[in-house]
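Note: the block below is my_file.txt and it holds compact mmCIF, C-alpha atoms.
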# COMPACT_ATOMS: atom_id res chain seq x y z
CA MET A 1 98.55 97.84 66.56
CA THR A 2 95.33 99.68 65.60
CA LYS A 3 91.92 98.04 65.56
CA GLU A 4 92.01 98.03 61.77
CA GLY A 5 95.33 96.20 62.01
CA ALA A 6 94.01 93.55 64.35
CA PRO A 7 95.80 90.21 63.98
CA ILE A 8 93.39 88.80 61.38
CA ALA A 9 96.44 87.27 59.71
CA LEU A 10 96.28 84.62 62.42
CA GLY A 11 93.23 83.25 60.64
CA THR A 12 94.37 83.71 57.04
CA GLU A 13 98.17 83.49 56.73
CA LYS A 14 99.92 80.16 56.09
CA ILE A 15 100.38 78.24 59.34
CA GLY A 16 104.05 77.49 58.75
CA LYS A 17 104.83 81.16 58.18
CA LEU A 18 102.76 82.22 61.18
CA LEU A 19 104.40 79.68 63.48
CA MET A 20 107.84 80.88 62.45
CA GLN A 21 106.75 84.51 62.83
CA TYR A 22 105.49 83.94 66.36
CA ALA A 23 107.66 81.06 67.53
CA ILE A 24 111.10 82.31 66.47
CA PRO A 25 110.90 85.51 68.56
CA ALA A 26 109.49 83.47 71.45
CA ILE A 27 112.22 80.83 71.08
CA ILE A 28 114.90 83.52 71.02
CA ALA A 29 113.33 85.15 74.06
CA MET A 30 112.96 81.90 76.01
CA THR A 31 116.49 80.78 75.07
CA ALA A 32 117.78 84.14 76.23
CA SER A 33 115.79 83.73 79.45
CA SER A 34 117.35 80.30 80.00
CA LEU A 35 120.82 81.65 79.28
CA TYR A 36 119.96 84.37 81.78
CA ASN A 37 119.58 81.71 84.48
CA ILE A 38 122.59 79.74 83.26
CA THR A 39 124.89 82.77 83.37
CA ASP A 40 123.69 83.50 86.91
CA SER A 41 124.77 80.00 87.90
CA ILE A 42 128.09 80.28 86.04
CA PHE A 43 128.98 83.61 87.65
CA ILE A 44 127.94 82.33 91.08
CA GLY A 45 129.77 79.02 90.64
CA HIS A 46 133.04 80.62 89.58
CA GLY A 47 132.74 83.89 91.51
CA VAL A 48 131.32 82.70 94.85
CA GLY A 49 131.87 78.92 95.03
CA SER A 50 130.36 75.43 95.01
CA MET A 51 128.36 75.95 98.21
CA ALA A 52 126.82 79.05 96.66
CA LEU A 53 125.62 76.91 93.74
CA SER A 54 124.03 74.54 96.24
CA GLY A 55 122.44 77.49 98.02
CA LEU A 56 121.07 78.72 94.72
CA ALA A 57 119.53 75.29 94.05
CA ILE A 58 117.79 75.46 97.45
CA THR A 59 115.91 78.57 96.24
CA PHE A 60 114.47 76.83 93.15
CA PRO A 61 111.21 75.82 94.88
CA LEU A 62 110.49 79.43 95.85
CA MET A 63 111.29 80.65 92.35
CA ASN A 64 109.03 77.96 90.90
CA LEU A 65 106.23 79.02 93.24
CA ALA A 66 106.68 82.67 92.25
CA ALA A 67 106.57 81.61 88.59
CA ALA A 68 103.40 79.65 89.37
CA PHE A 69 101.54 82.75 90.49
CA GLY A 70 102.95 84.70 87.56
CA SER A 71 101.78 82.09 85.04
CA LEU A 72 98.38 81.85 86.77
CA VAL A 73 97.74 85.45 85.71
CA GLY A 74 99.98 86.00 82.68
CA MET A 75 99.56 82.78 80.69
CA GLY A 76 95.86 82.49 81.45
CA ALA A 77 95.18 86.07 80.40
CA ALA A 78 97.35 85.69 77.29
CA THR A 79 95.29 82.72 76.12
CA LEU A 80 92.04 84.55 76.91
CA LEU A 81 93.27 87.59 74.97
CA SER A 82 94.03 85.48 71.88
CA VAL A 83 90.57 83.88 71.96
CA ARG A 84 88.84 87.26 72.40
CA LEU A 85 90.79 88.73 69.49
CA GLY A 86 89.70 85.78 67.37
CA GLN A 87 86.11 86.61 68.34
CA LYS A 88 86.67 90.32 67.53
CA ASP A 89 85.83 91.28 71.14
CA TYR A 90 88.16 94.29 71.33
CA ASP A 91 86.69 95.98 74.42
CA THR A 92 87.28 92.88 76.51
CA ALA A 93 90.83 92.69 75.14
CA ASN A 94 91.63 96.10 76.64
CA ASN A 95 90.03 95.16 79.94
CA ILE A 96 92.14 92.00 80.05
CA LEU A 97 95.29 94.15 79.88
CA GLY A 98 94.14 96.32 82.77
CA ASN A 99 93.13 93.33 84.87
CA VAL A 100 96.50 91.65 84.27
CA PHE A 101 98.23 94.79 85.53
CA VAL A 102 96.20 94.83 88.76
CA LEU A 103 96.29 91.08 89.40
CA ASN A 104 100.07 90.91 89.01
CA LEU A 105 100.41 93.79 91.46
CA ILE A 106 98.24 91.99 94.02
CA PHE A 107 99.79 88.55 93.64
CA GLY A 108 103.35 89.87 93.48
CA LEU A 109 103.08 91.90 96.68
CA ALA A 110 101.16 89.23 98.60
CA TYR A 111 103.67 86.50 97.73
CA SER A 112 106.67 88.61 98.76
CA VAL A 113 105.20 89.63 102.12
CA VAL A 114 104.16 86.12 103.13
CA ILE A 115 107.43 84.41 102.12
CA LEU A 116 109.69 87.09 103.62
CA LEU A 117 108.02 86.60 107.01
CA PHE A 118 109.01 82.91 107.09
CA LEU A 119 112.00 82.79 104.76
CA LYS A 120 114.58 81.08 107.00
CA PRO A 121 112.37 78.21 108.23
CA ILE A 122 111.12 77.71 104.67
CA LEU A 123 114.68 77.39 103.35
CA TYR A 124 115.61 74.93 106.11
CA PHE A 125 112.55 72.87 105.20
CA PHE A 126 113.59 72.95 101.53
CA GLY A 127 116.91 71.34 102.44
CA ALA A 128 119.24 74.18 103.39
CA SER A 129 122.12 73.36 105.74
CA ASP A 130 124.21 75.70 107.86
CA SER A 131 126.66 75.84 104.95
CA THR A 132 124.13 76.72 102.24
CA LEU A 133 121.55 78.79 104.16
CA PRO A 134 123.46 82.11 104.09
CA TYR A 135 123.72 81.97 100.29
CA ALA A 136 120.11 80.92 99.77
CA TYR A 137 118.80 83.55 102.20
CA ASP A 138 120.81 86.44 100.75
CA PHE A 139 119.80 85.59 97.19
CA MET A 140 116.11 85.02 97.89
CA GLN A 141 115.69 88.06 100.14
CA ILE A 142 116.66 90.40 97.29
CA LEU A 143 114.49 88.59 94.73
CA LEU A 144 111.44 88.73 97.01
CA CYS A 145 111.84 92.47 97.57
CA GLY A 146 111.61 92.95 93.79
CA ASN A 147 109.10 90.16 93.10
CA VAL A 148 106.25 92.49 92.16
CA PHE A 149 108.38 93.93 89.34
CA THR A 150 109.15 90.41 88.14
CA HIS A 151 105.44 89.56 88.00
CA MET A 152 104.61 92.76 86.13
CA TYR A 153 107.46 92.21 83.67
CA PHE A 154 106.41 88.67 82.74
CA GLY A 155 102.71 89.55 82.69
CA LEU A 156 103.11 92.47 80.29
CA ASN A 157 105.43 90.44 78.09
CA ALA A 158 102.70 87.81 77.70
CA MET A 159 100.29 90.61 76.71
CA LEU A 160 102.76 91.94 74.15
CA ARG A 161 103.07 88.54 72.52
CA SER A 162 99.35 87.78 72.39
CA SER A 163 98.38 91.25 71.14
CA GLY A 164 100.44 90.83 67.98
CA HIS A 165 103.87 92.06 69.10
CA PRO A 166 106.02 88.90 69.31
CA GLN A 167 109.15 90.78 68.25
CA LYS A 168 108.78 93.35 71.03
CA ALA A 169 108.23 90.55 73.55
CA MET A 170 111.42 88.94 72.26
CA PHE A 171 113.40 92.17 72.54
CA ALA A 172 112.11 92.70 76.10
CA THR A 173 113.63 89.37 77.16
CA ILE A 174 116.84 89.94 75.21
CA PHE A 175 117.29 93.39 76.77
CA THR A 176 116.81 91.88 80.23
CA VAL A 177 119.49 89.26 79.54
CA MET A 178 121.94 91.81 78.12
CA ILE A 179 121.54 94.14 81.11
CA ASN A 180 121.94 91.19 83.48
CA LEU A 181 125.08 90.03 81.69
CA VAL A 182 126.63 93.44 82.26
CA LEU A 183 125.49 93.88 85.87
CA ASN A 184 126.19 90.33 87.10
CA PRO A 185 130.00 90.33 86.80
CA LEU A 186 130.09 94.01 87.83
CA PHE A 187 128.23 93.35 91.07
CA ILE A 188 129.82 89.95 91.87
CA PHE A 189 133.44 90.54 90.86
CA GLY A 190 133.69 94.35 90.67
CA PHE A 191 131.74 95.37 93.77
CA GLY A 192 132.33 92.12 95.67
CA TRP A 193 128.64 91.67 96.53
CA GLY A 194 128.73 87.90 96.07
CA ILE A 195 125.44 86.09 95.50
CA ARG A 196 123.48 89.21 96.49
CA GLY A 197 125.03 90.95 93.50
CA SER A 198 123.52 88.36 91.18
CA ALA A 199 120.08 88.91 92.73
CA PHE A 200 120.40 92.69 92.40
CA ALA A 201 121.39 92.30 88.74
CA THR A 202 118.28 90.19 88.09
CA ILE A 203 115.82 92.66 89.64
CA ILE A 204 117.38 95.82 88.21
CA SER A 205 117.41 94.42 84.68
CA GLN A 206 113.71 93.48 84.95
CA ILE A 207 112.75 96.91 86.31
CA ILE A 208 114.47 98.69 83.42
CA VAL A 209 112.70 96.57 80.80
CA LEU A 210 109.37 96.83 82.67
CA LEU A 211 109.52 100.62 82.27
CA TRP A 212 109.96 100.12 78.52
CA GLN A 213 106.96 97.75 78.41
CA ILE A 214 104.78 100.29 80.24
CA TYR A 215 105.91 102.94 77.76
CA ILE A 216 104.80 100.71 74.86
CA PHE A 217 101.38 100.06 76.38
CA SER A 218 100.93 103.74 77.20
CA ASP A 219 100.87 104.62 73.49
CA ARG A 220 97.23 105.37 72.59
CA ASN A 221 97.92 104.42 68.97
CA ASN A 222 98.39 100.81 70.02
CA PHE A 223 95.54 98.38 69.52
CA ILE A 224 95.34 97.74 73.26
CA HIS A 225 96.83 100.20 75.71
CA LEU A 226 96.77 101.30 79.33
CA LYS A 227 93.96 103.81 79.92
CA LYS A 228 91.31 104.78 82.43
CA GLY A 229 88.47 102.36 83.02
CA ILE A 230 90.34 99.08 82.41
CA TYR A 231 91.86 98.53 85.87
CA ARG A 232 88.69 97.62 87.71
CA LEU A 233 88.72 93.87 88.21
CA LYS A 234 85.93 92.20 86.25
CA LYS A 235 84.58 88.93 87.56
CA ASN A 236 84.41 87.14 84.19
CA ILE A 237 87.91 88.18 83.13
CA VAL A 238 89.46 87.22 86.46
CA LYS A 239 87.58 83.93 86.57
CA ASP A 240 88.39 82.94 82.98
CA SER A 241 92.04 84.05 83.19
CA LEU A 242 92.67 82.17 86.42
CA SER A 243 90.79 79.12 85.16
CA ILE A 244 92.90 78.89 82.00
CA GLY A 245 96.07 79.79 83.90
CA MET A 246 95.40 77.11 86.52
CA ALA A 247 97.20 74.45 84.44
CA PRO A 248 100.59 76.22 84.29
CA PHE A 249 100.04 77.36 87.90
CA LEU A 250 99.59 73.79 89.12
CA MET A 251 102.53 72.66 87.01
CA ASN A 252 104.82 75.25 88.60
CA ALA A 253 103.36 74.75 92.07
CA ALA A 254 103.88 71.01 91.74
CA SER A 255 107.43 71.75 90.58
CA CYS A 256 107.96 73.50 93.90
CA VAL A 257 107.04 70.32 95.78
CA ILE A 258 109.09 68.23 93.35
CA VAL A 259 112.25 70.28 93.82
CA VAL A 260 111.89 70.09 97.59
CA LEU A 261 111.68 66.29 97.39
CA ILE A 262 114.61 66.18 94.97
CA ASN A 263 116.77 68.38 97.21
CA GLN A 264 115.90 66.38 100.31
CA GLY A 265 116.60 63.09 98.53
CA LEU A 266 119.93 64.35 97.22
CA ILE A 267 121.01 65.68 100.61
CA ARG A 268 120.24 62.35 102.28
CA ASN A 269 122.08 60.33 99.64
CA GLY A 270 124.81 62.70 98.43
CA GLY A 271 125.12 65.79 100.67
CA ASP A 272 125.22 69.49 99.81
CA LEU A 273 127.29 68.99 96.64
CA ALA A 274 124.61 66.70 95.22
CA VAL A 275 122.15 69.59 95.51
CA GLY A 276 124.64 71.75 93.63
CA ALA A 277 124.77 69.05 90.94
CA TYR A 278 120.99 69.27 90.63
CA GLY A 279 121.38 73.01 90.13
CA ILE A 280 123.60 72.30 87.13
CA VAL A 281 121.24 69.61 85.77
CA ASN A 282 118.23 71.87 86.26
CA ARG A 283 119.75 74.86 84.47
CA THR A 284 120.95 72.69 81.57
CA ALA A 285 117.64 70.87 81.18
CA PHE A 286 115.73 74.13 81.22
CA LEU A 287 117.68 75.43 78.24
CA PHE A 288 115.88 72.91 76.03
CA VAL A 289 112.61 73.09 77.97
CA MET A 290 112.56 76.86 77.48
CA ILE A 291 113.10 76.49 73.73
CA VAL A 292 110.05 74.22 73.55
CA MET A 293 108.15 76.71 75.69
CA GLY A 294 109.05 79.27 73.05
CA VAL A 295 107.52 76.99 70.42
CA ASN A 296 104.44 76.67 72.63
CA GLN A 297 104.20 80.43 73.04
CA GLY A 298 104.34 80.79 69.27
CA MET A 299 101.64 78.13 68.86
CA GLN A 300 99.35 79.54 71.58
CA PRO A 301 98.00 82.70 69.87
CA ILE A 302 97.63 80.87 66.53
CA ALA A 303 95.75 77.92 68.04
CA GLY A 304 93.67 80.16 70.29
CA TYR A 305 92.66 82.59 67.54
CA ASN A 306 91.74 79.89 65.02
CA TYR A 307 89.88 77.85 67.62
CA GLY A 308 87.90 80.94 68.58
CA ALA A 309 87.22 81.59 64.88
CA GLY A 310 86.12 77.98 64.25
CA LEU A 311 89.00 77.23 61.84
CA TYR A 312 89.76 73.77 63.20
CA SER A 313 91.88 72.51 60.32
CA ARG A 314 94.32 75.35 61.00
CA VAL A 315 94.32 74.43 64.70
CA MET A 316 95.33 70.87 63.78
CA GLU A 317 98.04 72.07 61.43
CA VAL A 318 99.76 74.31 63.96
CA LEU A 319 99.61 71.51 66.55
CA LYS A 320 101.32 69.07 64.20
CA LYS A 321 104.10 71.48 63.27
CA ALA A 322 104.71 72.44 66.91
CA ILE A 323 105.08 68.79 67.93
CA ILE A 324 107.64 68.14 65.18
CA ILE A 325 109.76 71.14 66.15
CA ALA A 326 109.60 70.33 69.87
CA THR A 327 110.68 66.74 69.24
CA VAL A 328 113.70 67.86 67.21
CA VAL A 329 114.74 70.29 69.96
CA MET A 330 114.55 67.70 72.73
CA ALA A 331 116.33 65.06 70.64
CA THR A 332 119.16 67.56 70.10
CA GLY A 333 119.43 68.07 73.87
CA PHE A 334 119.54 64.32 74.42
CA LEU A 335 122.42 63.87 71.96
CA LEU A 336 124.39 66.79 73.37
CA ILE A 337 124.21 65.53 76.94
CA GLU A 338 124.88 61.88 76.15
CA LEU A 339 127.94 62.76 74.04
CA PHE A 340 129.47 65.69 75.99
CA PRO A 341 128.27 65.59 79.64
CA HIS A 342 131.66 66.51 81.17
CA ALA A 343 132.04 69.54 78.92
CA VAL A 344 128.58 70.77 79.90
CA ALA A 345 129.10 70.30 83.65
CA SER A 346 132.54 71.92 83.66
CA VAL A 347 131.06 75.17 82.32
CA PHE A 348 129.51 75.75 85.77
CA THR A 349 132.32 74.69 88.10
CA THR A 350 135.94 73.61 88.41
CA ASP A 351 135.16 71.33 91.37
CA ASN A 352 135.85 67.79 90.15
CA GLU A 353 133.58 66.08 92.67
CA LEU A 354 130.68 68.39 91.78
CA THR A 355 131.35 67.83 88.06
CA ASP A 356 131.21 64.03 88.45
CA LEU A 357 127.91 64.22 90.34
CA ALA A 358 126.43 66.50 87.70
CA VAL A 359 127.52 64.21 84.84
CA MET A 360 125.74 61.25 86.40
CA GLY A 361 122.59 63.32 86.90
CA LEU A 362 122.62 64.73 83.38
CA ARG A 363 122.87 61.34 81.70
CA LEU A 364 120.01 59.84 83.70
CA VAL A 365 117.65 62.81 83.62
CA PHE A 366 117.98 63.22 79.84
CA MET A 367 117.26 59.52 79.19
CA PHE A 368 113.84 60.00 77.53
CA TYR A 369 114.20 63.63 76.46
CA PRO A 370 113.31 63.07 72.77
CA LEU A 371 109.73 62.26 73.85
CA ILE A 372 109.16 65.11 76.31
CA GLY A 373 108.59 67.79 73.66
CA PHE A 374 105.39 66.04 72.59
CA GLN A 375 104.03 66.05 76.14
CA MET A 376 104.82 69.76 76.63
CA VAL A 377 103.14 70.80 73.37
CA THR A 378 100.07 68.70 74.13
CA SER A 379 99.55 70.31 77.54
CA THR A 380 99.91 73.83 76.14
CA PHE A 381 97.61 72.94 73.24
CA PHE A 382 94.73 72.13 75.59
CA GLN A 383 95.36 75.36 77.45
CA SER A 384 95.47 77.32 74.16
CA ILE A 385 92.05 76.14 72.99
CA GLY A 386 90.42 76.92 76.33
CA LYS A 387 90.38 73.36 77.72
CA PRO A 388 91.94 74.05 81.14
CA GLY A 389 90.62 70.84 82.69
CA LYS A 390 92.66 68.62 80.38
CA ALA A 391 95.73 70.83 80.65
CA ILE A 392 95.48 70.71 84.43
CA PHE A 393 95.05 66.93 84.36
CA LEU A 394 98.22 66.48 82.30
CA SER A 395 100.17 68.76 84.61
CA VAL A 396 98.94 67.04 87.75
CA THR A 397 99.47 63.49 86.49
CA ARG A 398 103.08 64.02 85.50
CA GLN A 399 104.11 65.94 88.62
CA VAL A 400 101.87 64.54 91.34
CA LEU A 401 100.64 61.09 90.35
CA PHE A 402 103.88 59.87 88.74
CA LEU A 403 106.92 61.86 89.88
CA ILE A 404 106.17 62.33 93.58
CA PRO A 405 105.65 58.58 94.24
CA CYS A 406 108.87 57.84 92.34
CA LEU A 407 110.79 60.36 94.47
CA LEU A 408 109.38 58.85 97.64
CA ILE A 409 110.11 55.22 96.71
CA LEU A 410 113.08 54.95 94.32
CA PRO A 411 115.78 56.73 96.43
CA GLY A 412 115.18 54.12 99.14
CA LEU A 413 115.94 51.40 96.59
CA TRP A 414 118.73 52.91 94.49
CA GLY A 415 120.07 55.85 96.51
CA ILE A 416 121.07 58.96 94.57
CA ASN A 417 120.42 57.18 91.25
CA GLY A 418 116.84 56.67 92.39
CA VAL A 419 116.43 60.45 92.65
CA TRP A 420 117.74 61.01 89.12
CA LEU A 421 115.77 58.11 87.58
CA SER A 422 112.47 59.31 89.06
CA MET A 423 112.34 62.14 86.52
CA PRO A 424 112.68 60.20 83.23
CA ILE A 425 110.34 57.45 84.46
CA ALA A 426 107.61 59.99 85.25
CA ASP A 427 108.21 61.68 81.89
CA MET A 428 107.73 58.45 79.97
CA VAL A 429 104.44 57.58 81.67
CA SER A 430 103.09 61.13 81.19
CA VAL A 431 103.85 60.94 77.46
CA ILE A 432 101.56 57.89 77.18
CA VAL A 433 98.74 59.69 79.02
CA SER A 434 99.17 62.82 76.86
CA LEU A 435 98.97 60.75 73.67
CA THR A 436 95.70 59.18 74.80
CA LEU A 437 94.04 62.53 75.57
CA LEU A 438 95.30 64.15 72.38
CA ILE A 439 93.95 61.38 70.16
CA ASN A 440 90.49 61.83 71.69
CA GLN A 441 90.62 65.61 71.23
CA ILE A 442 91.71 65.29 67.61
CA LYS A 443 88.72 63.06 66.91
CA LYS A 444 86.40 65.69 68.41
CA LEU A 445 87.90 68.49 66.35
CA LYS A 446 87.57 66.44 63.16
CA ASN A 447 83.92 65.71 63.93
CA ILE A 448 83.19 69.38 64.62
CA GLY A 449 85.00 70.42 61.47
Could you render the structure as structure tokens?
Amino acid sequence: MTKEGAPIALGTEKIGKLLMQYAIPAIIAMTASSLYNITDSIFIGHGVGSMALSGLAITFPLMNLAAAFGSLVGMGAATLLSVRLGQKDYDTANNILGNVFVLNLIFGLAYSVVILLFLKPILYFFGASDSTLPYAYDFMQILLCGNVFTHMYFGLNAMLRSSGHPQKAMFATIFTVMINLVLNPLFIFGFGWGIRGSAFATIISQIIVLLWQIYIFSDRNNFIHLKKGIYRLKKNIVKDSLSIGMAPFLMNAASCVIVVLINQGLIRNGGDLAVGAYGIVNRTAFLFVMIVMGVNQGMQPIAGYNYGAGLYSRVMEVLKKAIIIATVVMATGFLLIELFPHAVASVFTTDNELTDLAVMGLRLVFMFYPLIGFQMVTSTFFQSIGKPGKAIFLSVTRQVLFLIPCLLILPGLWGINGVWLSMPIADMVSVIVSLTLLINQIKKLKNIG
């Protein structure tokens, strides 16, 4: 995109059309990303076994923590880029791209080195047993060796989306999924590499697509591109990017703690198979969460640009439409799980005991799902308009103030059901808090307008 073709349409085109233009590619990409994780679990469940699924679930906290550092840089910089484009600050936009490249390199390498040094004790602390540790260790060791490529891949994809290339960002994710779908069965079944084969498939697919992303950003005809002079870290860009990205970082970091507590609670009350059941519940739930995240990613550049341009009525309009779509998505997930839980669980495993545990978890976790879309959109909305404090508050309240106490108290009262019920109870309370904050922000925007 040339400077003359800067995304001024974000401030002039109809909101409904813009949201579809940006959200549909993001939804497709996020759905593909979720299917990417689901197919990993399916191949591992059928190709390696039930204990391998439990081992995979043990690694979720580490993957959430890696995603936390990735979102700290990528999502924060993407929001900052949208606001700067709305302000017509094109030089800073290029510097943001260069700083994202360097920051992802630093964070990706640092995370891998530190975790690899203490991987086994960390996995034991997260709930691994002698039966599940070998699977968790083999899988995570490969992912950590390629973690820097994962960070770079997600970071550049966020830059593609916010710089006016939502379709290319979508295709990047779809290409990753397609390559993974080919390599996963080849490595697991064909080469007999087991769970390590799934990890290799994940990293290789991301490296291939990362090379394509770098090729796109190396084109000097693009509006923003990789060039000399943009890689030196600038204090204001780093500070603003990390400040805005702190909300999704804390959300993912808190998710790391949450998953550890969930795994430990399930092991105490249901054993290793209960952890495998959580793996199934987690992958299924994230299919719908990722779709809403796609809606949020479509909303983010529109809300950020128009907020930066002072077009507050358009900001309100895109918020309203995003909430409606997210609510429909989550309500669909609720109906699917409540009506067909056995069919969903059996996709991942043929183990009857594991299927029964997963069915119970699915029905309880999805209890208040129709309301969760609103909370997710609200949190991203505050992040999109450069209000990181409120976005952080919403993230912290749901994960730390509500869910952690539930996970510490309810399993002692209701056993394994207490673990499952902790999640919908925390969701419901966080929806009420989100509604209160959003009403106050809407009043402020109307007064400014």
Looking at A:Pro424, A:Pro248, A:Gly197, A:Gly412, which one is nearest to Leu362 of chain A, with distances taken over only C-alpha atoms? A:Pro424
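For the choices A:Thr350, A:Leu261, A:Ala326, A:Leu10, the atom-to-atom distance to Ile409 of chain A is smallest for A:Leu261 when using only C-alpha atoms.
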Contacts of Ala136 of chain A at 8 Å (all atoms listed in the file; same-chain gap of 3+ positions) as a list of chain:residue names: A:Ala52, A:Gly55, A:Leu56, A:Ile58, A:Thr59, A:Leu123, A:Ala128, A:Thr132, A:Leu133, A:Phe139, A:Met140
Using all atoms listed in the file, which of A:Thr12, A:Gln297, A:Ser198, A:Asn252 sits nearest Pro25 of chain A?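 The shortest atom-to-atom distance to Pro25 of chain A comes from A:Gln297.
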Nearest-residue call for Ala9 of chain A, choices A:Gly164, A:Gly304, A:Gly245, A:Gly70, using only C-alpha atoms: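 Among the listed residues, A:Gly164 lies closest to Ala9 of chain A.
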Step by step: start from the point (99.3, 70.3, 77.6) in the file's coordinates, keep every protein, DNA or RNA residue that has an atom no farther than 10 Å from it, count all atoms listed in the file, and write the set as a PyMOL selection string. chain A and resi 247-248+296+374-384+387-388+390-395+434+437-438
Please provide the set of residues having any atom within 12 Å of Leu156 of chain A, restricted to only C-alpha atoms, with same-chain residues fewer than 4 positions apart removed, written as an MDAnalysis selection string. chainID A and resid 70:71 73:75 77:78 96:105 149:152 160:163 165:166 168:169 172:173 206 209:218 224:226
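The spacing separating atom CA of Gly279 of chain A from atom CA of Phe60 of chain A amounts to 8.5 Å.
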Counting only C-alpha atoms, the option among A:Met360, A:Ile372, A:Val328, A:Ile385 closest to Asn306 of chain A: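 Of all the options, A:Ile385 lies closest to Asn306 of chain A.
Distances from A:Leu242, A:Leu311, A:Leu266, A:Ile448 to Leu72 of chain A were compared using all atoms listed in the file, and the smallest one belongs to A:Leu242.
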With segment 27-45 of chain A as the partner and 6 Å as the cut-off, tabulate the residues of segment 225-324 of chain A that qualify, each row holding the nearest pair of atoms and their distance in Å to one decimal, using all atoms listed in the file, sorted by chain and rising number, as a Markdown table.
| residue | atom | partner | partner_atom | distance |
| --- | --- | --- | --- | --- |
| A:Arg283 | CA | A:Ile38 | CA | 5.8 |
| A:Leu287 | CA | A:Ser34 | CA | 5.2 |
| A:Met290 | CA | A:Met30 | CA | 5.3 |
| A:Ile291 | CA | A:Ile27 | CA | 5.2 |
| A:Gly294 | CA | A:Ile27 | CA | 4.0 |
Kindly save the residues from that selection, with C-alpha atoms included, as a PDB file, keeping the file's coordinate frame.
ATOM      1  CA  ARG A 283     119.750  74.860  84.470  1.00  0.00           C
ATOM      2  CA  LEU A 287     117.680  75.430  78.240  1.00  0.00           C
ATOM      3  CA  MET A 290     112.560  76.860  77.480  1.00  0.00           C
ATOM      4  CA  ILE A 291     113.100  76.490  73.730  1.00  0.00           C
ATOM      5  CA  GLY A 294     109.050  79.270  73.050  1.00  0.00           C
TER       6      GLY A 294
END
Can you list, as a PDB file with C-alpha atoms, in the coordinates of the input, every protein, DNA or RNA residue that comes within 8 Å of Pro61 of chain A when you count all atoms listed in the file, leaving out same-chain residues fewer than 6 positions away?
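Okay, around.pdb is ready:
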ATOM      1  CA  PHE A 126     113.590  72.950 101.530  1.00  0.00           C
ATOM      2  CA  SER A 255     107.430  71.750  90.580  1.00  0.00           C
ATOM      3  CA  CYS A 256     107.960  73.500  93.900  1.00  0.00           C
ATOM      4  CA  VAL A 257     107.040  70.320  95.780  1.00  0.00           C
ATOM      5  CA  VAL A 259     112.250  70.280  93.820  1.00  0.00           C
ATOM      6  CA  VAL A 260     111.890  70.090  97.590  1.00  0.00           C
TER       7      VAL A 260
END
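Here atom CA of Gly386 of chain A is placed at a distance of 19.5 Å from atom CA of Asp91 of chain A.
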Closest pair table for segment 47-143 of chain A residues within 12 Å of segment 179-189 of chain A, all atoms listed in the file, as CSV:
residue,atom,partner,partner_atom,distance
A:Gly47,CA,A:Phe189,CA,6.7
A:Val48,CA,A:Ile188,CA,8.0
A:Gly49,CA,A:Ile188,CA,11.7
I'd like the contact shell of segment 444-447 of chain A - 10 Å cut-off, only C-alpha atoms, skipping same-chain residues fewer than 5 positions apart - returned as a JSON list (two decimals) with C-alpha atoms, in the frame of the given file.
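Written file, out34.json:
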[["chain", "number", "residue", "atom", "x", "y", "z"],
["A", 307, "TYR", "CA", 89.88, 77.85, 67.62],
["A", 310, "GLY", "CA", 86.12, 77.98, 64.25],
["A", 311, "LEU", "CA", 89.00, 77.23, 61.84],
["A", 312, "TYR", "CA", 89.76, 73.77, 63.20],
["A", 313, "SER", "CA", 91.88, 72.51, 60.32],
["A", 315, "VAL", "CA", 94.32, 74.43, 64.70],
["A", 316, "MET", "CA", 95.33, 70.87, 63.78],
["A", 438, "LEU", "CA", 95.30, 64.15, 72.38],
["A", 439, "ILE", "CA", 93.95, 61.38, 70.16]]
Counting all atoms listed in the file, which residues of segment 270-307 of chain A fall within 12 Å of segment 338-349 of chain A, and what is the closest atom pair for each with its distance in Å at one decimal, ordered by chain and rising number, as a Markdown table?
| residue | atom | partner | partner_atom | distance |
| --- | --- | --- | --- | --- |
| A:Leu273 | CA | A:Thr349 | CA | 11.4 |
| A:Gly276 | CA | A:Thr349 | CA | 9.9 |
| A:Ala277 | CA | A:Ala345 | CA | 8.6 |
| A:Tyr278 | CA | A:Ala345 | CA | 10.7 |
| A:Gly279 | CA | A:Phe348 | CA | 9.6 |
| A:Ile280 | CA | A:Ala345 | CA | 6.8 |
| A:Val281 | CA | A:Ala345 | CA | 8.2 |
| A:Asn282 | CA | A:Ala345 | CA | 11.3 |
| A:Arg283 | CA | A:Phe348 | CA | 9.9 |
| A:Thr284 | CA | A:Val344 | CA | 8.0 |
| A:Ala285 | CA | A:Val344 | CA | 11.0 |
| A:Leu287 | CA | A:Val344 | CA | 12.0 |
Quick test: take segment 42-46 of chain A, keep N, CA and C atoms, and write it as a compact mmCIF listing (two decimals), in the first residue's frame.
# COMPACT_ATOMS: atom_id res chain seq x y z
N ILE A 42 -6.47 -33.81 17.50
CA ILE A 42 -7.09 -35.00 16.89
C ILE A 42 -6.04 -35.99 16.44
N PHE A 43 -5.01 -35.51 15.73
CA PHE A 43 -3.95 -36.40 15.26
C PHE A 43 -3.21 -37.04 16.44
N ILE A 44 -2.96 -36.25 17.48
CA ILE A 44 -2.26 -36.78 18.65
C ILE A 44 -3.14 -37.78 19.39
N GLY A 45 -4.43 -37.45 19.54
CA GLY A 45 -5.34 -38.34 20.25
C GLY A 45 -5.50 -39.68 19.58
N HIS A 46 -5.63 -39.68 18.25
CA HIS A 46 -5.83 -40.93 17.52
C HIS A 46 -4.51 -41.60 17.13
